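S.K.: Hey, dropping start10.pdb in here, PDB, C-alpha atoms, pLDDT in the B column:
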```
ATOM      1  CA  MET A   3      43.344 159.166 163.068  1.00 42.00           C
ATOM      2  CA  THR A   4      44.903 155.888 164.195  1.00 47.00           C
ATOM      3  CA  VAL A   5      45.513 153.449 161.369  1.00 45.00           C
ATOM      4  CA  THR A   6      46.397 149.758 161.517  1.00 47.00           C
ATOM      5  CA  HIS A   7      47.268 147.707 158.456  1.00 43.00           C
ATOM      6  CA  GLY A   8      46.189 150.610 156.271  1.00 47.00           C
ATOM      7  CA  ARG A   9      42.683 150.883 157.808  1.00 66.00           C
ATOM      8  CA  PRO A  10      41.350 153.325 160.427  1.00 85.00           C
ATOM      9  CA  LEU A  11      41.137 151.649 163.823  1.00 87.00           C
ATOM     10  CA  THR A  12      37.573 152.949 164.171  1.00 91.00           C
ATOM     11  CA  ALA A  13      36.618 150.871 161.122  1.00 91.00           C
ATOM     12  CA  GLU A  14      38.225 147.762 162.614  1.00 90.00           C
ATOM     13  CA  ILE A  15      36.343 148.193 165.901  1.00 93.00           C
ATOM     14  CA  THR A  16      33.112 148.663 163.940  1.00 93.00           C
ATOM     15  CA  ASP A  17      33.785 145.471 161.961  1.00 92.00           C
ATOM     16  CA  ILE A  18      34.318 143.539 165.193  1.00 93.00           C
ATOM     17  CA  LEU A  19      31.062 144.830 166.620  1.00 94.00           C
ATOM     18  CA  VAL A  20      29.189 143.920 163.437  1.00 93.00           C
ATOM     19  CA  ALA A  21      30.750 140.472 162.999  1.00 91.00           C
ATOM     20  CA  HIS A  22      30.859 139.345 166.634  1.00 91.00           C
ATOM     21  CA  CYS A  23      28.425 141.484 168.609  1.00 93.00           C
ATOM     22  CA  GLY A  24      25.383 141.937 166.398  1.00 92.00           C
ATOM     23  CA  LEU A  25      25.810 145.639 165.687  1.00 93.00           C
ATOM     24  CA  ASP A  26      23.728 147.071 162.845  1.00 92.00           C
ATOM     25  CA  ALA A  27      26.295 148.821 160.645  1.00 90.00           C
ATOM     26  CA  ASP A  28      23.743 151.248 159.218  1.00 92.00           C
ATOM     27  CA  VAL A  29      22.632 152.319 162.699  1.00 90.00           C
ATOM     28  CA  ALA A  30      26.264 152.896 163.715  1.00 90.00           C
ATOM     29  CA  ALA A  31      26.925 154.948 160.575  1.00 91.00           C
ATOM     30  CA  ARG A  32      23.927 157.201 161.305  1.00 92.00           C
ATOM     31  CA  ALA A  33      25.029 157.841 164.905  1.00 92.00           C
ATOM     32  CA  PRO A  34      28.845 157.957 165.049  1.00 89.00           C
ATOM     33  CA  ALA A  35      28.866 159.707 168.435  1.00 92.00           C
ATOM     34  CA  ALA A  36      26.442 157.281 170.108  1.00 94.00           C
ATOM     35  CA  SER A  37      27.685 155.101 172.953  1.00 94.00           C
ATOM     36  CA  LEU A  38      27.821 151.332 172.558  1.00 95.00           C
ATOM     37  CA  GLU A  39      24.865 151.035 174.935  1.00 94.00           C
ATOM     38  CA  GLU A  40      22.884 153.488 172.810  1.00 94.00           C
ATOM     39  CA  LEU A  41      23.729 151.329 169.785  1.00 94.00           C
ATOM     40  CA  GLY A  42      22.142 148.345 171.532  1.00 93.00           C
ATOM     41  CA  MET A  43      25.263 146.571 172.740  1.00 93.00           C
ATOM     42  CA  ASP A  44      24.472 144.613 175.929  1.00 93.00           C
ATOM     43  CA  SER A  45      26.856 143.078 178.466  1.00 91.00           C
ATOM     44  CA  LEU A  46      27.343 139.899 176.405  1.00 92.00           C
ATOM     45  CA  ALA A  47      28.203 141.946 173.329  1.00 92.00           C
ATOM     46  CA  LEU A  48      30.745 143.952 175.337  1.00 92.00           C
ATOM     47  CA  LEU A  49      32.312 140.746 176.655  1.00 92.00           C
ATOM     48  CA  GLU A  50      32.697 139.510 173.092  1.00 92.00           C
ATOM     49  CA  LEU A  51      34.236 142.844 172.051  1.00 93.00           C
ATOM     50  CA  SER A  52      36.671 142.646 174.973  1.00 92.00           C
ATOM     51  CA  ALA A  53      37.695 139.107 174.021  1.00 92.00           C
ATOM     52  CA  VAL A  54      38.381 139.965 170.380  1.00 91.00           C
ATOM     53  CA  VAL A  55      40.269 143.169 171.237  1.00 90.00           C
ATOM     54  CA  ALA A  56      42.373 141.334 173.827  1.00 87.00           C
ATOM     55  CA  ASP A  57      43.226 138.626 171.309  1.00 85.00           C
ATOM     56  CA  ARG A  58      44.019 141.039 168.473  1.00 84.00           C
ATOM     57  CA  TRP A  59      45.822 143.878 170.294  1.00 82.00           C
ATOM     58  CA  GLN A  60      46.489 142.501 173.804  1.00 78.00           C
ATOM     59  CA  VAL A  61      44.451 145.380 175.237  1.00 83.00           C
ATOM     60  CA  ALA A  62      41.863 145.088 178.027  1.00 85.00           C
ATOM     61  CA  ILE A  63      38.562 146.925 177.538  1.00 85.00           C
ATOM     62  CA  PRO A  64      37.195 148.401 180.820  1.00 83.00           C
ATOM     63  CA  GLU A  65      33.778 147.386 182.144  1.00 80.00           C
ATOM     64  CA  GLN A  66      32.377 150.867 181.466  1.00 84.00           C
ATOM     65  CA  ALA A  67      33.130 150.557 177.741  1.00 87.00           C
ATOM     66  CA  GLY A  68      29.389 150.578 177.053  1.00 92.00           C
ATOM     67  CA  GLN A  69      29.406 154.294 177.793  1.00 93.00           C
ATOM     68  CA  LEU A  70      32.005 154.931 175.093  1.00 92.00           C
ATOM     69  CA  SER A  71      31.440 155.641 171.413  1.00 93.00           C
ATOM     70  CA  ILE A  72      33.156 153.542 168.753  1.00 94.00           C
ATOM     71  CA  PRO A  73      35.776 156.281 168.072  1.00 92.00           C
ATOM     72  CA  ALA A  74      36.419 156.530 171.840  1.00 91.00           C
ATOM     73  CA  VAL A  75      36.966 152.756 172.042  1.00 92.00           C
ATOM     74  CA  ALA A  76      39.358 153.025 169.093  1.00 90.00           C
ATOM     75  CA  ASP A  77      41.305 155.798 170.840  1.00 84.00           C
ATOM     76  CA  LEU A  78      41.470 153.739 174.027  1.00 84.00           C
ATOM     77  CA  VAL A  79      42.811 150.722 172.136  1.00 86.00           C
ATOM     78  CA  ALA A  80      45.311 152.896 170.257  1.00 78.00           C
ATOM     79  CA  ARG A  81      46.706 154.408 173.455  1.00 74.00           C
ATOM     80  CA  ARG A  82      47.101 151.072 175.208  1.00 74.00           C
ATOM     81  CA  ALA A  83      48.382 149.175 172.180  1.00 71.00           C
ATOM     82  CA  ASP A  84      50.965 151.849 171.353  1.00 71.00           C
ATOM     83  CA  PRO A  85      53.756 151.700 173.994  1.00 79.00           C
ATOM     84  CA  PRO A  86      55.235 155.018 175.165  1.00 84.00           C
ATOM     85  CA  GLY A  87      58.035 156.431 173.038  1.00 92.00           C
ATOM     86  CA  HIS A  88      61.654 156.107 174.154  1.00 94.00           C
ATOM     87  CA  THR A  89      64.792 157.201 172.316  1.00 96.00           C
ATOM     88  CA  GLU A  90      68.465 157.393 173.219  1.00 96.00           C
ATOM     89  CA  ASN A  91      71.028 159.067 170.975  1.00 97.00           C
ATOM     90  CA  GLY A  92      74.569 160.203 171.686  1.00 97.00           C
ATOM     91  CA  VAL A  93      77.618 161.744 170.087  1.00 98.00           C
ATOM     92  CA  PHE A  94      81.331 162.013 170.845  1.00 98.00           C
ATOM     93  CA  ILE A  95      82.558 165.612 170.806  1.00 98.00           C
ATOM     94  CA  ASP A  96      86.298 166.224 170.569  1.00 97.00           C
ATOM     95  CA  ALA A  97      86.267 169.010 173.154  1.00 98.00           C
ATOM     96  CA  PRO A  98      86.689 169.262 176.942  1.00 97.00           C
ATOM     97  CA  LEU A  99      83.607 168.484 179.016  1.00 98.00           C
ATOM     98  CA  PRO A 100      83.462 171.957 180.654  1.00 97.00           C
ATOM     99  CA  LEU A 101      83.318 173.593 177.220  1.00 97.00           C
ATOM    100  CA  VAL A 102      80.666 171.198 175.908  1.00 98.00           C
ATOM    101  CA  TRP A 103      78.627 171.778 179.066  1.00 98.00           C
ATOM    102  CA  GLU A 104      78.945 175.547 178.781  1.00 97.00           C
ATOM    103  CA  VAL A 105      77.992 175.810 175.114  1.00 98.00           C
ATOM    104  CA  THR A 106      75.154 173.282 175.020  1.00 98.00           C
ATOM    105  CA  ASN A 107      73.485 174.653 178.153  1.00 98.00           C
ATOM    106  CA  ASP A 108      73.538 178.261 176.954  1.00 97.00           C
ATOM    107  CA  VAL A 109      69.853 178.092 176.030  1.00 98.00           C
ATOM    108  CA  ALA A 110      69.646 181.749 175.008  1.00 97.00           C
ATOM    109  CA  ASN A 111      72.056 180.987 172.143  1.00 97.00           C
ATOM    110  CA  TRP A 112      70.484 177.741 170.927  1.00 98.00           C
ATOM    111  CA  THR A 113      69.636 179.410 167.626  1.00 97.00           C
ATOM    112  CA  GLU A 114      73.413 179.367 166.992  1.00 96.00           C
ATOM    113  CA  LEU A 115      73.759 175.743 168.094  1.00 96.00           C
ATOM    114  CA  PHE A 116      70.758 173.986 166.497  1.00 97.00           C
ATOM    115  CA  THR A 117      69.608 174.377 162.912  1.00 96.00           C
ATOM    116  CA  GLU A 118      65.884 173.936 163.684  1.00 95.00           C
ATOM    117  CA  TYR A 119      65.230 176.769 166.163  1.00 97.00           C
ATOM    118  CA  ALA A 120      64.421 180.226 164.807  1.00 97.00           C
ATOM    119  CA  VAL A 121      63.728 181.957 168.139  1.00 97.00           C
ATOM    120  CA  VAL A 122      64.537 181.277 171.791  1.00 98.00           C
ATOM    121  CA  GLU A 123      62.800 183.391 174.430  1.00 98.00           C
ATOM    122  CA  ILE A 124      63.892 183.082 178.054  1.00 98.00           C
ATOM    123  CA  LEU A 125      60.787 183.380 180.239  1.00 98.00           C
ATOM    124  CA  HIS A 126      62.100 182.745 183.761  1.00 98.00           C
ATOM    125  CA  ARG A 127      65.235 181.738 185.638  1.00 97.00           C
ATOM    126  CA  ASP A 128      65.397 180.291 189.135  1.00 97.00           C
ATOM    127  CA  GLY A 129      68.784 178.980 190.219  1.00 97.00           C
ATOM    128  CA  HIS A 130      69.733 176.128 187.887  1.00 97.00           C
ATOM    129  CA  THR A 131      66.270 176.040 186.284  1.00 98.00           C
ATOM    130  CA  VAL A 132      65.272 177.981 183.178  1.00 98.00           C
ATOM    131  CA  ARG A 133      61.871 178.194 181.492  1.00 98.00           C
ATOM    132  CA  PHE A 134      61.901 179.205 177.843  1.00 98.00           C
ATOM    133  CA  ARG A 135      59.902 179.275 174.620  1.00 98.00           C
ATOM    134  CA  LEU A 136      61.267 177.630 171.484  1.00 97.00           C
ATOM    135  CA  THR A 137      59.969 178.500 168.022  1.00 97.00           C
ATOM    136  CA  MET A 138      61.061 176.418 165.059  1.00 95.00           C
ATOM    137  CA  TYR A 139      61.554 177.498 161.485  1.00 95.00           C
ATOM    138  CA  PRO A 140      58.370 176.988 159.424  1.00 92.00           C
ATOM    139  CA  ASP A 141      57.866 173.430 158.216  1.00 86.00           C
ATOM    140  CA  GLU A 142      56.917 172.310 154.714  1.00 86.00           C
ATOM    141  CA  ASN A 143      53.350 173.472 155.392  1.00 86.00           C
ATOM    142  CA  GLY A 144      54.454 176.905 156.586  1.00 89.00           C
ATOM    143  CA  VAL A 145      53.704 176.133 160.252  1.00 88.00           C
ATOM    144  CA  ALA A 146      56.197 177.468 162.819  1.00 91.00           C
ATOM    145  CA  TRP A 147      55.799 175.128 165.810  1.00 92.00           C
ATOM    146  CA  SER A 148      56.322 176.743 169.222  1.00 96.00           C
ATOM    147  CA  TRP A 149      56.185 175.497 172.815  1.00 97.00           C
ATOM    148  CA  VAL A 150      57.414 176.239 176.343  1.00 98.00           C
ATOM    149  CA  SER A 151      59.945 173.958 178.016  1.00 98.00           C
ATOM    150  CA  GLU A 152      61.742 173.923 181.341  1.00 98.00           C
ATOM    151  CA  ARG A 153      65.162 172.457 182.099  1.00 98.00           C
ATOM    152  CA  THR A 154      67.210 172.060 185.253  1.00 98.00           C
ATOM    153  CA  VAL A 155      70.970 171.539 185.108  1.00 98.00           C
ATOM    154  CA  ASP A 156      73.052 169.713 187.706  1.00 97.00           C
ATOM    155  CA  PRO A 157      76.650 170.974 187.345  1.00 97.00           C
ATOM    156  CA  VAL A 158      77.931 168.372 189.822  1.00 97.00           C
ATOM    157  CA  SER A 159      76.618 165.237 188.108  1.00 96.00           C
ATOM    158  CA  ARG A 160      76.750 166.859 184.643  1.00 97.00           C
ATOM    159  CA  GLN A 161      73.159 165.939 183.917  1.00 97.00           C
ATOM    160  CA  VAL A 162      70.123 167.907 182.739  1.00 98.00           C
ATOM    161  CA  ARG A 163      66.420 167.133 183.194  1.00 97.00           C
ATOM    162  CA  ALA A 164      63.925 168.860 180.928  1.00 98.00           C
ATOM    163  CA  HIS A 165      60.252 168.632 180.069  1.00 97.00           C
ATOM    164  CA  ARG A 166      57.689 170.358 177.905  1.00 97.00           C
ATOM    165  CA  VAL A 167      55.395 172.674 179.835  1.00 97.00           C
ATOM    166  CA  GLU A 168      53.203 173.263 176.795  1.00 96.00           C
ATOM    167  CA  THR A 169      52.921 169.721 175.523  1.00 94.00           C
ATOM    168  CA  GLY A 170      51.131 170.339 172.203  1.00 92.00           C
ATOM    169  CA  PRO A 171      50.564 166.967 170.481  1.00 92.00           C
ATOM    170  CA  PHE A 172      52.375 165.135 173.320  1.00 93.00           C
ATOM    171  CA  GLU A 173      50.711 163.791 176.454  1.00 89.00           C
ATOM    172  CA  TYR A 174      54.160 164.346 177.974  1.00 93.00           C
ATOM    173  CA  MET A 175      57.753 164.819 176.847  1.00 97.00           C
ATOM    174  CA  ARG A 176      60.695 164.333 179.209  1.00 96.00           C
ATOM    175  CA  ILE A 177      64.347 164.705 178.195  1.00 97.00           C
ATOM    176  CA  HIS A 178      67.502 163.646 180.019  1.00 97.00           C
ATOM    177  CA  TRP A 179      70.926 164.932 178.926  1.00 98.00           C
ATOM    178  CA  ARG A 180      74.069 163.165 180.200  1.00 97.00           C
ATOM    179  CA  TYR A 181      77.689 164.288 179.796  1.00 98.00           C
ATOM    180  CA  THR A 182      80.721 162.055 180.458  1.00 97.00           C
ATOM    181  CA  GLU A 183      84.424 162.392 179.725  1.00 97.00           C
ATOM    182  CA  ASP A 184      85.462 159.965 177.012  1.00 94.00           C
ATOM    183  CA  SER A 185      88.875 159.440 175.381  1.00 90.00           C
ATOM    184  CA  GLY A 186      89.992 163.024 175.935  1.00 91.00           C
ATOM    185  CA  GLY A 187      86.691 164.431 174.753  1.00 97.00           C
ATOM    186  CA  THR A 188      83.037 164.351 175.810  1.00 98.00           C
ATOM    187  CA  ARG A 189      80.221 161.909 175.257  1.00 98.00           C
ATOM    188  CA  MET A 190      76.832 163.669 175.240  1.00 98.00           C
ATOM    189  CA  THR A 191      73.701 161.519 175.353  1.00 98.00           C
ATOM    190  CA  TRP A 192      70.047 162.468 174.941  1.00 97.00           C
ATOM    191  CA  THR A 193      67.276 160.250 176.294  1.00 96.00           C
ATOM    192  CA  GLN A 194      63.668 161.153 175.506  1.00 97.00           C
ATOM    193  CA  ASP A 195      60.527 159.579 176.994  1.00 95.00           C
ATOM    194  CA  PHE A 196      57.147 160.638 175.673  1.00 94.00           C
ATOM    195  CA  ALA A 197      53.641 159.679 174.617  1.00 89.00           C
ATOM    196  CA  MET A 198      51.479 161.181 171.900  1.00 88.00           C
ATOM    197  CA  LYS A 199      47.911 162.335 172.445  1.00 83.00           C
ATOM    198  CA  PRO A 200      45.211 160.292 170.674  1.00 71.00           C
ATOM    199  CA  THR A 201      44.466 163.375 168.557  1.00 78.00           C
ATOM    200  CA  ALA A 202      48.086 163.776 167.438  1.00 84.00           C
ATOM    201  CA  PRO A 203      48.793 163.355 163.701  1.00 86.00           C
ATOM    202  CA  VAL A 204      51.331 160.575 164.452  1.00 87.00           C
ATOM    203  CA  ASP A 205      51.530 157.770 167.005  1.00 86.00           C
ATOM    204  CA  ASN A 206      54.348 156.925 169.419  1.00 89.00           C
ATOM    205  CA  ALA A 207      56.154 154.658 166.961  1.00 90.00           C
ATOM    206  CA  ALA A 208      56.136 157.248 164.190  1.00 92.00           C
ATOM    207  CA  MET A 209      57.323 160.000 166.530  1.00 95.00           C
ATOM    208  CA  THR A 210      60.082 157.720 167.816  1.00 95.00           C
ATOM    209  CA  GLU A 211      61.326 157.323 164.245  1.00 96.00           C
ATOM    210  CA  ARG A 212      61.153 161.092 163.656  1.00 95.00           C
ATOM    211  CA  ILE A 213      63.064 161.889 166.845  1.00 97.00           C
ATOM    212  CA  ASN A 214      65.745 159.295 166.143  1.00 97.00           C
ATOM    213  CA  THR A 215      66.237 160.651 162.620  1.00 96.00           C
ATOM    214  CA  ASN A 216      66.349 164.301 163.681  1.00 96.00           C
ATOM    215  CA  SER A 217      68.549 163.665 166.729  1.00 97.00           C
ATOM    216  CA  VAL A 218      71.299 162.200 164.563  1.00 97.00           C
ATOM    217  CA  ILE A 219      71.219 165.322 162.392  1.00 97.00           C
ATOM    218  CA  GLN A 220      71.231 167.814 165.274  1.00 97.00           C
ATOM    219  CA  LEU A 221      73.893 165.962 167.261  1.00 98.00           C
ATOM    220  CA  ALA A 222      76.169 166.048 164.219  1.00 98.00           C
ATOM    221  CA  VAL A 223      75.585 169.806 163.886  1.00 97.00           C
ATOM    222  CA  ILE A 224      76.295 170.367 167.574  1.00 98.00           C
ATOM    223  CA  LYS A 225      79.468 168.263 167.385  1.00 98.00           C
ATOM    224  CA  ASP A 226      80.742 170.317 164.463  1.00 98.00           C
ATOM    225  CA  ARG A 227      79.948 173.677 166.061  1.00 97.00           C
ATOM    226  CA  VAL A 228      81.331 172.869 169.521  1.00 98.00           C
ATOM    227  CA  GLU A 229      84.522 171.392 168.081  1.00 98.00           C
ATOM    228  CA  ARG A 230      84.969 174.544 165.988  1.00 97.00           C
ATOM    229  CA  ILE A 231      84.609 176.674 169.123  1.00 97.00           C
ATOM    230  CA  ALA A 232      87.173 174.482 170.872  1.00 97.00           C
ATOM    231  CA  ARG A 233      89.670 174.984 168.041  1.00 96.00           C
ATOM    232  CA  GLU A 234      89.066 178.748 167.973  1.00 95.00           C
ATOM    233  CA  ARG A 235      89.646 179.047 171.717  1.00 92.00           C
ATOM    234  CA  ALA A 236      92.799 176.961 171.491  1.00 91.00           C
ATOM    235  CA  GLU A 237      94.111 179.276 168.767  1.00 91.00           C
ATOM    236  CA  GLN A 238      93.241 182.357 170.824  1.00 88.00           C
ATOM    237  CA  ASP A 239      95.103 180.980 173.815  1.00 80.00           C
ATOM    238  CA  GLY A 240      98.204 180.657 171.619  1.00 69.00           C
ATOM    239  CA  PRO A 241     101.372 178.712 172.379  1.00 64.00           C
ATOM    240  CA  THR A 242     102.806 178.584 175.885  1.00 52.00           C
ATOM    241  CA  ALA A 243     106.045 180.348 176.764  1.00 47.00           C
ATOM    242  CA  GLY A 244     107.923 177.074 176.469  1.00 47.00           C
ATOM    243  CA  ASP A 245     106.464 176.462 172.999  1.00 48.00           C
ATOM    244  CA  GLU A 246     107.530 179.929 171.874  1.00 46.00           C
ATOM    245  CA  SER A 247     111.105 179.252 172.941  1.00 39.00           C
ATOM    246  CA  THR A 248     111.183 175.954 171.057  1.00 35.00           C
ATOM    247  CA  GLU A 249     109.786 177.514 167.916  1.00 39.00           C
ATOM    248  CA  ALA A 250     112.340 180.330 168.041  1.00 35.00           C
ATOM    249  CA  GLY A 251     115.142 177.813 168.356  1.00 37.00           C
ATOM    250  CA  ASP A 252     113.850 175.858 165.368  1.00 38.00           C
ATOM    251  CA  GLU A 253     113.895 178.993 163.258  1.00 36.00           C
TER
END
```
Here is the file; what I need is its structure written in the form of C-alpha cells.
M.R.:
Amino acid sequence: MTVTHGRPLTAEITDILVAHCGLDADVAARAPAASLEELGMDSLALLELSAVVADRWQVAIPEQAGQLSIPAVADLVARRADPPGHTENGVFIDAPLPLVWEVTNDVANWTELFTEYAVVEILHRDGHTVRFRLTMYPDENGVAWSWVSERTVDPVSRQVRAHRVETGPFEYMRIHWRYTEDSGGTRMTWTQDFAMKPTAPVDNAAMTERINTNSVIQLAVIKDRVERIARERAEQDGPTAGDESTEAGDE
C-alpha cells in the first residue's frame, strides 16, 4: 500500500474526490472496486481531480481515468510520482584487476563471496552469458527469497550487464558492473536501475535506501575476501630466485 505523509494514497485520492468533485464518501466506501464513472464522477469532476493531482504530485491523470477505481488511480499516481530507482556504489580492492574479475564473475561460487546468498544454481551458459537462480538466506520472517537472473560479461571492456529474469516485486532490475585499474589495485562499481511494482511492499525510494545500505556491506565483504585471496596467491607463488639469493646473503 502506498503511503504519503503517513496516510494511504487511496485515502488522499478519496478525500480529493469528496472535497473537490462531489463524491459521496459512503457510496465510495460501499463500492471500493467501482470505477469513478460508476461512482457518478462526470467529465468536470475528472478535470477537477486532474488539476488537484497535478498540483499536489505533479502527475497527469489520463482522460480515461473515469474507467479506473480509486485504488487504481492511487496506484497510477504512485507510479508516476515515484521516480525510478538508481544507485551507484563502488569499492577499491587492493588486488590486480584480472584476479578481481576472475573471482567476482565466478557466479557458481558466489555463496563464498557474498554473505546473503545461500544457494546458486547455474541454469544455462551461452558464451559470455550465464543464467542462474539465486536463493538468499531466510529473512527475519523466515522467507528465503529466490529469483532467476542473467548476466553477460565483456572481458575486453571489463564490464558486466545483468538483469532479473524473474522480477518478483520489481517491474525491472538492471545492473551494470564496471572494473577499472586504480592506484595499483582495482575499482569495482555497481550501478543498479530499477522500478518497484505498485503491489510491492516498498516503493522506489525505500528500495533505493535498502540497496545502498546493503551494497556497502557486501562490497566490504567482497573487498576483504578478494584481498585475502590475493595475499594467499602471492604467498603460494613465493619469492623469486633473485629474492632467495638476497635472503640467503642476509642470513
S.K.: I'd like the contact shell of Ala164 in chain A - 8 Å cut-off, only C-alpha atoms, skipping same-chain residues fewer than 3 positions apart - returned as a PDB file with C-alpha atoms, keeping the file's coordinate frame.
M.R.:
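Done, and the output landed in out-v5.pdb:
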```
ATOM      1  CA  SER A 151      59.945 173.958 178.016  1.00 98.00           C
ATOM      2  CA  GLU A 152      61.742 173.923 181.341  1.00 98.00           C
ATOM      3  CA  ARG A 153      65.162 172.457 182.099  1.00 98.00           C
ATOM      4  CA  THR A 154      67.210 172.060 185.253  1.00 98.00           C
ATOM      5  CA  ARG A 176      60.695 164.333 179.209  1.00 96.00           C
ATOM      6  CA  ILE A 177      64.347 164.705 178.195  1.00 97.00           C
ATOM      7  CA  HIS A 178      67.502 163.646 180.019  1.00 97.00           C
TER       8      HIS A 178
END
```
S.K.: Mind telling me what the PyMOL selection byres ((chain A and resi 118) around 7) catches here, as a PyMOL selection string?
M.R.: chain A and resi 116-117+119-120+138-139
S.K.: Could you spell out the hits of the PyMOL selection byres ((chain A and resi 112) around 12) on the shown file, as a JSON list (two decimals) with C-alpha atoms, keeping the file's coordinate frame?
M.R.:
```
[["chain", "number", "residue", "atom", "x", "y", "z"],
["A", 104, "GLU", "CA", 78.94, 175.55, 178.78],
["A", 105, "VAL", "CA", 77.99, 175.81, 175.11],
["A", 106, "THR", "CA", 75.15, 173.28, 175.02],
["A", 107, "ASN", "CA", 73.48, 174.65, 178.15],
["A", 108, "ASP", "CA", 73.54, 178.26, 176.95],
["A", 109, "VAL", "CA", 69.85, 178.09, 176.03],
["A", 110, "ALA", "CA", 69.65, 181.75, 175.01],
["A", 111, "ASN", "CA", 72.06, 180.99, 172.14],
["A", 113, "THR", "CA", 69.64, 179.41, 167.63],
["A", 114, "GLU", "CA", 73.41, 179.37, 166.99],
["A", 115, "LEU", "CA", 73.76, 175.74, 168.09],
["A", 116, "PHE", "CA", 70.76, 173.99, 166.50],
["A", 117, "THR", "CA", 69.61, 174.38, 162.91],
["A", 118, "GLU", "CA", 65.88, 173.94, 163.68],
["A", 119, "TYR", "CA", 65.23, 176.77, 166.16],
["A", 120, "ALA", "CA", 64.42, 180.23, 164.81],
["A", 121, "VAL", "CA", 63.73, 181.96, 168.14],
["A", 122, "VAL", "CA", 64.54, 181.28, 171.79],
["A", 123, "GLU", "CA", 62.80, 183.39, 174.43],
["A", 124, "ILE", "CA", 63.89, 183.08, 178.05],
["A", 134, "PHE", "CA", 61.90, 179.20, 177.84],
["A", 135, "ARG", "CA", 59.90, 179.28, 174.62],
["A", 136, "LEU", "CA", 61.27, 177.63, 171.48],
["A", 137, "THR", "CA", 59.97, 178.50, 168.02],
["A", 138, "MET", "CA", 61.06, 176.42, 165.06],
["A", 220, "GLN", "CA", 71.23, 167.81, 165.27],
["A", 223, "VAL", "CA", 75.58, 169.81, 163.89],
["A", 224, "ILE", "CA", 76.30, 170.37, 167.57],
["A", 227, "ARG", "CA", 79.95, 173.68, 166.06],
["A", 228, "VAL", "CA", 81.33, 172.87, 169.52]]
```
S.K.: With distances taken over only C-alpha atoms, which of A:Ser217, A:Gln161, A:Ser148, A:Thr201 is nearest to Ala80 in chain A?
M.R.: A:Thr201
S.K.: Report as a Markdown table: every residue of range 205-243 of chain A with an atom at most 9 Å from range 181-196 of chain A, its closest pair of atoms, and their distance in Å to one decimal, counting all atoms listed in the file, with rows sorted by chain and ascending residue number.
M.R.:
```
| residue | atom | partner | partner_atom | distance |
| --- | --- | --- | --- | --- |
| A:Asn206 | CA | A:Phe196 | CA | 7.8 |
| A:Thr210 | CA | A:Phe196 | CA | 8.9 |
| A:Ile213 | CA | A:Gln194 | CA | 8.7 |
| A:Ser217 | CA | A:Trp192 | CA | 8.4 |
| A:Leu221 | CA | A:Met190 | CA | 8.8 |
```
S.K.: Enter the distance from CA of Leu19 in chain A to CA of Asp84 in chain A, in Å, rounded to one decimal.
M.R.: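 Computing it gives 21.6 Å between the two atoms.
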S.K.: So what does the PyMOL selection byres ((chain A and resi 43) around 12) actually pick up in this one, as a PyMOL selection string?
M.R.: chain A and resi 16+19-20+22-26+29-30+36-42+44-51+67-72
S.K.: Can you measure CA of Pro86 in chain A to CA of Asp205 in chain A for me? One decimal in Å is fine.
M.R.: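 Separation between CA of Pro86 in chain A and CA of Asp205 in chain A: 9.4 Å.
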S.K.: Determine, counting only C-alpha atoms, every residue of protein, DNA or RNA that lies within 10 Å of (37.8, 150.1, 174.2) in the file coordinates, then give the result as number ranges by chain.
M.R.: A: 15, 48, 51-52, 55-56, 61-68, 70-82
S.K.: What does the distance from CA of Arg163 in chain A to CA of Asp141 in chain A come to in Å, to one decimal?
M.R.: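 A separation of 27.1 Å between them.
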S.K.: Return as JSON the box centre and box size in Å, one decimal, for an axis-aligned box around all listed atoms of range 215-233 of chain A padded by 3 Å per side.
M.R.:
```
{"center_x": 78.0, "center_y": 168.7, "center_z": 166.6, "size_x": 29.4, "size_y": 22.0, "size_z": 14.5}
```
S.K.: Compile the contact shell of range 229-235 of chain A as a ChimeraX atom specification: residues with an atom at most 7 Å away, counting only C-alpha atoms, same-chain residues fewer than 4 positions apart removed.
M.R.: /A:95-97,225,239
S.K.: Selection from above, C-alpha atoms, as a compact mmCIF listing (two decimals), in the frame of the given file, can you write it?
M.R.:
```
# COMPACT_ATOMS: atom_id res chain seq x y z
CA ILE A 95 82.56 165.61 170.81
CA ASP A 96 86.30 166.22 170.57
CA ALA A 97 86.27 169.01 173.15
CA LYS A 225 79.47 168.26 167.38
CA ASP A 239 95.10 180.98 173.82
```
S.K.: Could you check which of A:Leu99, A:Gln60, A:Gly129, A:Gly92 is closest to Ala222 in chain A, using all atoms listed in the file?
M.R.: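 For Ala222 in chain A, the nearest of the given residues is A:Gly92.
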S.K.: Could you rebuild range 211-218 of chain A with N, CA and C atoms and give me the result as a JSON list (two decimals), keeping the file's coordinate frame?
M.R.:
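Here's the written file rebuild.json:
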```
[["chain", "number", "residue", "atom", "x", "y", "z"],
["A", 211, "GLU", "N", 60.51, 157.32, 165.47],
["A", 211, "GLU", "CA", 61.33, 157.32, 164.24],
["A", 211, "GLU", "C", 61.75, 158.75, 163.87],
["A", 212, "ARG", "N", 60.82, 159.70, 163.98],
["A", 212, "ARG", "CA", 61.15, 161.09, 163.66],
["A", 212, "ARG", "C", 62.24, 161.62, 164.58],
["A", 213, "ILE", "N", 62.10, 161.37, 165.88],
["A", 213, "ILE", "CA", 63.06, 161.89, 166.84],
["A", 213, "ILE", "C", 64.44, 161.26, 166.62],
["A", 214, "ASN", "N", 64.46, 159.95, 166.39],
["A", 214, "ASN", "CA", 65.74, 159.29, 166.14],
["A", 214, "ASN", "C", 66.43, 159.87, 164.91],
["A", 215, "THR", "N", 65.67, 160.09, 163.86],
["A", 215, "THR", "CA", 66.24, 160.65, 162.62],
["A", 215, "THR", "C", 66.77, 162.07, 162.84],
["A", 216, "ASN", "N", 65.96, 162.91, 163.48],
["A", 216, "ASN", "CA", 66.35, 164.30, 163.68],
["A", 216, "ASN", "C", 67.48, 164.43, 164.69],
["A", 217, "SER", "N", 67.50, 163.58, 165.72],
["A", 217, "SER", "CA", 68.55, 163.66, 166.73],
["A", 217, "SER", "C", 69.92, 163.43, 166.12],
["A", 218, "VAL", "N", 70.02, 162.48, 165.22],
["A", 218, "VAL", "CA", 71.30, 162.20, 164.56],
["A", 218, "VAL", "C", 71.79, 163.44, 163.82]]
```
